[in-house]
Amino acid sequence: MSAVTLPSPADLGAAVLARLDELAAITDEPGKITRLYLSKSHRRAATLVEGWMRDAGMSVTLDPVATLIGTYPGSDPDAPHLLLGSHIDSVRDAGKFDGTLGVVAAIEIVRRLNAAGKRLPFGLTVLAFGDEEGVRFPSTLSGSAAVAGRFNGAILDEKDEEGITRRAALAEFGAPEGDPAAPWQGQSGLGYLELHIEQGPVLEAENRPVGLVTAIQGVTRGSCRVIGSAGHAGTVPMPLRRDALTAAAEMVLAVERIGRETEGLVATIGQLRVPGGAVNTIPGVVEFSLDFRSEIDAVRKDAEARIRKAIEAVALARKVEARLAYTYEAPASECDPGLRLLMAEAAEATVQKPIRLLASGAGHDAMSFRGKLPFMMLFVRSKAGISHSPEEFTSEADLGIATATLFRAVLDLAKKHA
Ligand code: HGY
Ligand code: MN
Ligand code: MN
């Protein structure tokens, strides 16, 4: 393969930022960035990204769980593919970099190779997943799970808050028929690389633009439905109440206490609902979510039992019923040492020595490839470590450095396969 001239980080940064801004304008909540899985805005974003993939010389398909798959064959059409990508769905009122950066940067790399008429010794497959945040349905990472060959067909019957099943939402989206659990018909994979914002404070605190991910911490998600007895706020004496909300509040604080007390564990209650709540009614039913994580699976599994016990103790003391269900989990996942070395060399050649290694507190599509394909993540600095917020920010210069690092890693891998 004749040498490919690596574009300047400044040039790459400008191109990537322009596309992130275009994607950021696609939302279901004007004035905010909200693009949930299989929503109208996800559909519009997928159409825009598909166009970018085609313009970059890729052929594009949509898989049965609405992942966009762009392929750019190598000089040897039968050679395995290197997979790159991330996600284009968002949380509610999100930032414009989370997920989208990994997709836009990967497309930019293929666009540059195609414009230069270059083919690598392996193919490139760019993946734009749509269900990384897992905000609409209980479980998450369904897109990368399908590509990685670990899709659980049972989740097709999961319902969102409106009672719409995944299956129905996929049909509405226009996803093609097909069994997402079937082995992926794509090329055999060399590995999976994902560029993502750090969403934490480490790189900024150490004044570093990029960092190498060592592992992604494991996660357990759950939901708890607390059932007490509704009553009139004015007539039921305090000692006779079975207030579902105050019971849930005590449970929430118990979960927080376990998170605070346990080394290496984080625990979050992100949602709490009082269905049909009213100012003058003692809540009879309350539902809340649970999300807790650790780099050490034993710590997280132990926390599952301790959290269950703490919730049951409050329920007993307050004479309410607590229906706790753990709805999703993924174990801690190690990045591949070989790909980490490749990325480290690319980062050192692009920006700085020595490179910072750090674990990922956030979950990512990359973890779906554990045990299936070698994977590696590159982080880029987040201003004040903020994410899942409109305050999320990464500078154009850092976008360029990170994209150049990823590009260099791809070219270095190509040299090893030449
Ligand atoms: O939940 C997560 O860690 C990711 O942002 N979806
Ligand atoms: Mn993300
Ligand atoms: Mn996210």
# chains A, B, ... in the order shown; residues from 1 in each chain; ligands from 1
call {"tool": "residues_near_ligand", "arguments": {"ligand": "ligand 3", "cutoff": "7 Å", "atoms": "only C-alpha atoms and all ligand atoms", "output": "VMD selection string"}}
result
chain A and resid 90 to 91 98 to 99 133 388
call {"tool": "residues_near_ligand", "arguments": {"ligand": "ligand 2", "cutoff": "10 Å", "atoms": "only C-alpha atoms and all ligand atoms", "output": "JSON, numbers by chain"}}
result
{"A": [86, 87, 88, 89, 90, 91, 97, 98, 99, 100, 101, 102, 131, 132, 133, 195, 196, 197, 198, 199, 362, 363, 364, 365, 387, 388]}
call {"tool": "residues_around", "arguments": {"residues": "stretch 135-147 of chain A", "least_positions_apart": "3", "cutoff": "8 Å", "atoms": "only C-alpha atoms", "output": "MDAnalysis selection string"}}
result
chainID A and resid 36:37 65:67 91 129:132 150:151 155 158:161 166 180:184 221 327:328 364:366 368:369
call {"tool": "write_last_selection", "arguments": {"atoms": "C-alpha atoms", "output": "PDB file, in the first residue's frame"}}
result
ATOM      1  CA  LEU A  36     -33.572   8.195  21.649  1.00  0.00           C
ATOM      2  CA  TYR A  37     -33.273   4.811  19.990  1.00  0.00           C
ATOM      3  CA  VAL A  65     -31.804  -3.613  15.068  1.00  0.00           C
ATOM      4  CA  ALA A  66     -31.210  -0.368  13.149  1.00  0.00           C
ATOM      5  CA  THR A  67     -27.417  -0.286  13.209  1.00  0.00           C
ATOM      6  CA  VAL A  91     -29.737  10.620  26.473  1.00  0.00           C
ATOM      7  CA  PHE A 129     -25.159   1.954  16.723  1.00  0.00           C
ATOM      8  CA  GLY A 130     -28.507   3.327  17.865  1.00  0.00           C
ATOM      9  CA  ASP A 131     -29.079   1.785  21.292  1.00  0.00           C
ATOM     10  CA  GLU A 132     -26.043   2.532  23.409  1.00  0.00           C
ATOM     11  CA  ARG A 150     -24.488 -11.898  21.669  1.00  0.00           C
ATOM     12  CA  PHE A 151     -27.977 -10.558  20.991  1.00  0.00           C
ATOM     13  CA  ILE A 155     -35.439  -8.147  24.599  1.00  0.00           C
ATOM     14  CA  GLU A 158     -39.291  -5.180  26.124  1.00  0.00           C
ATOM     15  CA  LYS A 159     -41.601  -2.170  26.274  1.00  0.00           C
ATOM     16  CA  ASP A 160     -40.874   1.543  26.534  1.00  0.00           C
ATOM     17  CA  GLU A 161     -42.787   3.972  28.776  1.00  0.00           C
ATOM     18  CA  ARG A 166     -38.792  -2.976  20.640  1.00  0.00           C
ATOM     19  CA  PRO A 180     -30.644 -10.001  15.159  1.00  0.00           C
ATOM     20  CA  ALA A 181     -29.371 -13.064  17.015  1.00  0.00           C
ATOM     21  CA  ALA A 182     -28.178 -14.635  13.762  1.00  0.00           C
ATOM     22  CA  PRO A 183     -24.409 -14.604  13.340  1.00  0.00           C
ATOM     23  CA  TRP A 184     -23.486 -11.280  11.827  1.00  0.00           C
ATOM     24  CA  ARG A 221     -29.229  -1.984  35.917  1.00  0.00           C
ATOM     25  CA  THR A 327     -32.923  -5.998  34.241  1.00  0.00           C
ATOM     26  CA  TYR A 328     -29.511  -5.806  32.635  1.00  0.00           C
ATOM     27  CA  HIS A 364     -19.715   1.695  25.773  1.00  0.00           C
ATOM     28  CA  ASP A 365     -20.579  -0.393  22.723  1.00  0.00           C
ATOM     29  CA  ALA A 366     -17.013  -1.715  22.817  1.00  0.00           C
ATOM     30  CA  SER A 368     -20.230  -5.956  23.632  1.00  0.00           C
ATOM     31  CA  PHE A 369     -17.149  -7.315  21.850  1.00  0.00           C
TER      32      PHE A 369
END
call {"tool": "residues_around", "arguments": {"residues": "A:Gly211", "least_positions_apart": "4", "cutoff": "9 Å", "atoms": "only C-alpha atoms", "output": "PyMOL selection string"}}
result
chain A and resi 198+203+344+347+355-358+377-381
call {"tool": "write_last_selection", "arguments": {"atoms": "all heavy atoms", "output": "tab-separated table (two decimals), in the first residue's frame"}}
result
chain	number	residue	atom	x	y	z
A	198	GLU	N	-14.14	11.29	27.11
A	198	GLU	CA	-13.87	10.63	28.40
A	198	GLU	C	-15.07	10.68	29.33
A	198	GLU	O	-15.33	9.77	30.10
A	198	GLU	CB	-12.68	11.31	29.10
A	198	GLU	CG	-12.35	10.70	30.45
A	198	GLU	CD	-11.53	11.61	31.35
A	198	GLU	OE1	-10.94	12.59	30.85
A	198	GLU	OE2	-11.47	11.34	32.56
A	203	LEU	N	-8.43	13.46	32.22
A	203	LEU	CA	-7.52	13.99	31.19
A	203	LEU	C	-7.37	15.51	31.34
A	203	LEU	O	-6.27	16.05	31.19
A	203	LEU	CB	-8.04	13.62	29.80
A	203	LEU	CG	-8.00	12.12	29.47
A	203	LEU	CD1	-8.62	11.86	28.10
A	203	LEU	CD2	-6.59	11.56	29.53
A	344	ALA	N	-1.31	3.25	21.66
A	344	ALA	CA	-0.34	4.03	22.45
A	344	ALA	C	0.74	4.59	21.52
A	344	ALA	O	1.10	5.78	21.60
A	344	ALA	CB	0.31	3.13	23.50
A	347	ALA	N	-0.73	7.41	19.59
A	347	ALA	CA	-0.93	8.60	20.44
A	347	ALA	C	0.41	9.28	20.72
A	347	ALA	O	0.54	10.51	20.64
A	347	ALA	CB	-1.61	8.20	21.74
A	355	ILE	N	1.75	8.22	27.58
A	355	ILE	CA	0.30	8.24	27.41
A	355	ILE	C	-0.38	7.83	28.72
A	355	ILE	O	0.12	7.00	29.46
A	355	ILE	CB	-0.08	7.23	26.29
A	355	ILE	CG1	0.39	7.80	24.96
A	355	ILE	CG2	-1.57	6.99	26.24
A	355	ILE	CD1	-0.21	9.15	24.63
A	356	ARG	N	-1.51	8.46	28.99
A	356	ARG	CA	-2.26	8.15	30.21
A	356	ARG	C	-3.17	6.95	29.97
A	356	ARG	O	-3.94	6.94	28.99
A	356	ARG	CB	-3.11	9.39	30.58
A	356	ARG	CG	-4.00	9.22	31.80
A	356	ARG	CD	-3.21	8.93	33.03
A	356	ARG	NE	-3.76	9.43	34.27
A	356	ARG	CZ	-4.58	8.77	35.09
A	356	ARG	NH1	-5.01	7.57	34.73
A	356	ARG	NH2	-4.98	9.28	36.24
A	357	LEU	N	-3.09	5.99	30.84
A	357	LEU	CA	-4.03	4.86	30.79
A	357	LEU	C	-5.13	5.13	31.81
A	357	LEU	O	-4.85	5.66	32.89
A	357	LEU	CB	-3.32	3.55	31.18
A	357	LEU	CG	-2.11	3.13	30.34
A	357	LEU	CD1	-1.50	1.85	30.92
A	357	LEU	CD2	-2.50	2.91	28.91
A	358	LEU	N	-6.36	4.83	31.46
A	358	LEU	CA	-7.42	5.02	32.45
A	358	LEU	C	-8.58	4.07	32.17
A	358	LEU	O	-8.80	3.66	31.03
A	358	LEU	CB	-7.92	6.48	32.46
A	358	LEU	CG	-8.68	7.05	31.29
A	358	LEU	CD1	-9.32	8.39	31.70
A	358	LEU	CD2	-7.77	7.33	30.09
A	377	MET	N	-10.36	1.29	23.14
A	377	MET	CA	-11.00	2.61	23.13
A	377	MET	C	-9.95	3.69	23.35
A	377	MET	O	-9.02	3.52	24.14
A	377	MET	CB	-12.06	2.70	24.23
A	377	MET	CG	-13.28	1.85	23.96
A	377	MET	SD	-14.65	2.31	25.06
A	377	MET	CE	-15.16	3.85	24.27
A	378	LEU	N	-10.14	4.78	22.64
A	378	LEU	CA	-9.32	5.97	22.83
A	378	LEU	C	-10.24	7.06	23.39
A	378	LEU	O	-11.33	7.29	22.83
A	378	LEU	CB	-8.75	6.44	21.47
A	378	LEU	CG	-7.93	7.74	21.51
A	378	LEU	CD1	-6.60	7.54	22.24
A	378	LEU	CD2	-7.67	8.24	20.07
A	379	PHE	N	-9.83	7.69	24.49
A	379	PHE	CA	-10.61	8.77	25.08
A	379	PHE	C	-10.02	10.12	24.68
A	379	PHE	O	-8.80	10.27	24.60
A	379	PHE	CB	-10.58	8.67	26.61
A	379	PHE	CG	-11.67	7.82	27.20
A	379	PHE	CD1	-11.65	7.51	28.56
A	379	PHE	CD2	-12.70	7.30	26.44
A	379	PHE	CE1	-12.65	6.72	29.14
A	379	PHE	CE2	-13.70	6.51	27.01
A	379	PHE	CZ	-13.66	6.23	28.35
A	380	VAL	N	-10.91	11.08	24.53
A	380	VAL	CA	-10.48	12.47	24.33
A	380	VAL	C	-11.05	13.31	25.47
A	380	VAL	O	-12.14	13.02	25.98
A	380	VAL	CB	-10.93	13.00	22.94
A	380	VAL	CG1	-12.44	13.09	22.82
A	380	VAL	CG2	-10.27	14.35	22.64
A	381	ARG	N	-10.32	14.32	25.84
A	381	ARG	CA	-10.62	15.16	27.01
A	381	ARG	C	-12.04	15.77	26.98
A	381	ARG	O	-12.48	16.23	25.93
A	381	ARG	CB	-9.57	16.28	27.01
A	381	ARG	CG	-9.67	17.34	28.03
A	381	ARG	CD	-8.42	18.19	28.13
A	381	ARG	NE	-7.74	18.48	26.87
A	381	ARG	CZ	-6.52	19.05	26.80
A	381	ARG	NH1	-5.86	19.34	27.90
A	381	ARG	NH2	-5.95	19.29	25.63
call {"tool": "select_by_dssp", "arguments": {"residues": "stretch 184-243 of chain A", "states": "alpha helix (DSSP H)", "output": "ChimeraX atom specification"}}
result
/A:202-205
call {"tool": "decode", "arguments": {"residues": "stretch 43-150 of chain A", "atoms": "C-alpha atoms", "output": "CSV table (one decimal), in the first residue's frame"}}
result
chain,number,residue,atom,x,y,z
A,43,ARG,CA,-34.3,8.0,11.9
A,44,ARG,CA,-33.3,11.4,10.6
A,45,ALA,CA,-29.8,11.1,12.0
A,46,ALA,CA,-29.4,7.6,10.4
A,47,THR,CA,-30.3,9.1,7.0
A,48,LEU,CA,-27.7,11.8,7.4
A,49,VAL,CA,-25.0,9.4,8.5
A,50,GLU,CA,-25.9,7.0,5.8
A,51,GLY,CA,-25.3,9.8,3.2
A,52,TRP,CA,-22.0,10.6,4.8
A,53,MET,CA,-21.0,6.9,4.6
A,54,ARG,CA,-21.9,6.6,0.9
A,55,ASP,CA,-20.1,9.9,0.1
A,56,ALA,CA,-17.0,8.4,1.8
A,57,GLY,CA,-17.1,5.5,-0.7
A,58,MET,CA,-18.8,2.9,1.6
A,59,SER,CA,-21.6,0.6,0.8
A,60,VAL,CA,-24.2,0.9,3.5
A,61,THR,CA,-26.8,-1.5,5.0
A,62,LEU,CA,-29.1,-1.2,8.0
A,63,ASP,CA,-29.3,-4.3,10.2
A,64,PRO,CA,-32.4,-5.7,11.9
A,65,VAL,CA,-31.8,-3.6,15.1
A,66,ALA,CA,-31.2,-0.4,13.1
A,67,THR,CA,-27.4,-0.3,13.2
A,68,LEU,CA,-26.0,1.4,10.1
A,69,ILE,CA,-23.1,-0.6,8.7
A,70,GLY,CA,-20.8,1.1,6.3
A,71,THR,CA,-18.2,-1.1,4.5
A,72,TYR,CA,-15.0,0.0,2.7
A,73,PRO,CA,-13.4,-3.1,1.3
A,74,GLY,CA,-9.6,-3.5,1.4
A,75,SER,CA,-7.2,-4.2,-1.5
A,76,ASP,CA,-8.0,-7.9,-0.8
A,77,PRO,CA,-11.8,-8.1,-0.9
A,78,ASP,CA,-11.6,-11.3,1.2
A,79,ALA,CA,-9.5,-9.8,3.9
A,80,PRO,CA,-11.1,-9.4,7.3
A,81,HIS,CA,-12.4,-6.0,8.4
A,82,LEU,CA,-11.3,-3.7,11.1
A,83,LEU,CA,-14.5,-2.4,12.8
A,84,LEU,CA,-14.8,1.2,14.0
A,85,GLY,CA,-17.7,3.2,15.3
A,86,SER,CA,-19.8,4.2,18.2
A,87,HIS,CA,-23.4,5.4,18.7
A,88,ILE,CA,-25.7,8.1,17.4
A,89,ASP,CA,-28.4,7.8,20.0
A,90,SER,CA,-28.3,10.2,23.0
A,91,VAL,CA,-29.7,10.6,26.5
A,92,ARG,CA,-32.3,13.4,27.0
A,93,ASP,CA,-30.9,16.9,26.9
A,94,ALA,CA,-27.5,15.5,25.9
A,95,GLY,CA,-24.3,16.9,24.7
A,96,LYS,CA,-23.2,16.7,21.0
A,97,PHE,CA,-20.0,14.6,21.4
A,98,ASP,CA,-21.1,11.5,23.3
A,99,GLY,CA,-21.1,8.6,20.7
A,100,THR,CA,-21.4,10.8,17.6
A,101,LEU,CA,-17.7,11.6,17.7
A,102,GLY,CA,-16.7,7.9,17.2
A,103,VAL,CA,-19.0,7.6,14.2
A,104,VAL,CA,-18.0,10.9,12.6
A,105,ALA,CA,-14.3,10.3,13.1
A,106,ALA,CA,-14.4,6.8,11.6
A,107,ILE,CA,-16.3,8.1,8.6
A,108,GLU,CA,-13.8,10.9,8.2
A,109,ILE,CA,-10.9,8.4,8.1
A,110,VAL,CA,-12.6,6.4,5.3
A,111,ARG,CA,-13.5,9.6,3.5
A,112,ARG,CA,-9.9,10.7,3.4
A,113,LEU,CA,-8.7,7.2,2.3
A,114,ASN,CA,-11.3,7.1,-0.5
A,115,ALA,CA,-10.5,10.6,-1.6
A,116,ALA,CA,-6.9,9.6,-1.9
A,117,GLY,CA,-7.9,6.4,-3.8
A,118,LYS,CA,-6.3,4.3,-1.0
A,119,ARG,CA,-7.2,0.8,0.0
A,120,LEU,CA,-5.8,-0.9,3.1
A,121,PRO,CA,-4.8,-4.6,3.3
A,122,PHE,CA,-7.9,-5.1,5.3
A,123,GLY,CA,-11.5,-3.7,5.0
A,124,LEU,CA,-12.9,-1.1,7.2
A,125,THR,CA,-16.4,-1.4,8.6
A,126,VAL,CA,-18.0,1.7,10.3
A,127,LEU,CA,-20.8,1.0,12.7
A,128,ALA,CA,-23.3,3.6,13.8
A,129,PHE,CA,-25.2,2.0,16.7
A,130,GLY,CA,-28.5,3.3,17.9
A,131,ASP,CA,-29.1,1.8,21.3
A,132,GLU,CA,-26.0,2.5,23.4
A,133,GLU,CA,-27.7,4.8,26.0
A,134,GLY,CA,-30.5,2.3,26.7
A,135,VAL,CA,-32.8,5.2,27.8
A,136,ARG,CA,-35.9,4.1,25.9
A,137,PHE,CA,-35.9,0.4,26.8
A,138,PRO,CA,-34.7,-1.4,30.0
A,139,SER,CA,-31.6,-3.1,28.5
A,140,THR,CA,-29.0,-1.5,26.3
A,141,LEU,CA,-26.2,-2.1,23.8
A,142,SER,CA,-28.5,-4.2,21.6
A,143,GLY,CA,-26.9,-2.9,18.4
A,144,SER,CA,-23.3,-3.8,19.3
A,145,ALA,CA,-24.6,-7.0,20.9
A,146,ALA,CA,-26.1,-8.1,17.5
A,147,VAL,CA,-22.9,-7.3,15.6
A,148,ALA,CA,-20.8,-9.1,18.3
A,149,GLY,CA,-23.1,-12.2,18.1
A,150,ARG,CA,-24.5,-11.9,21.7
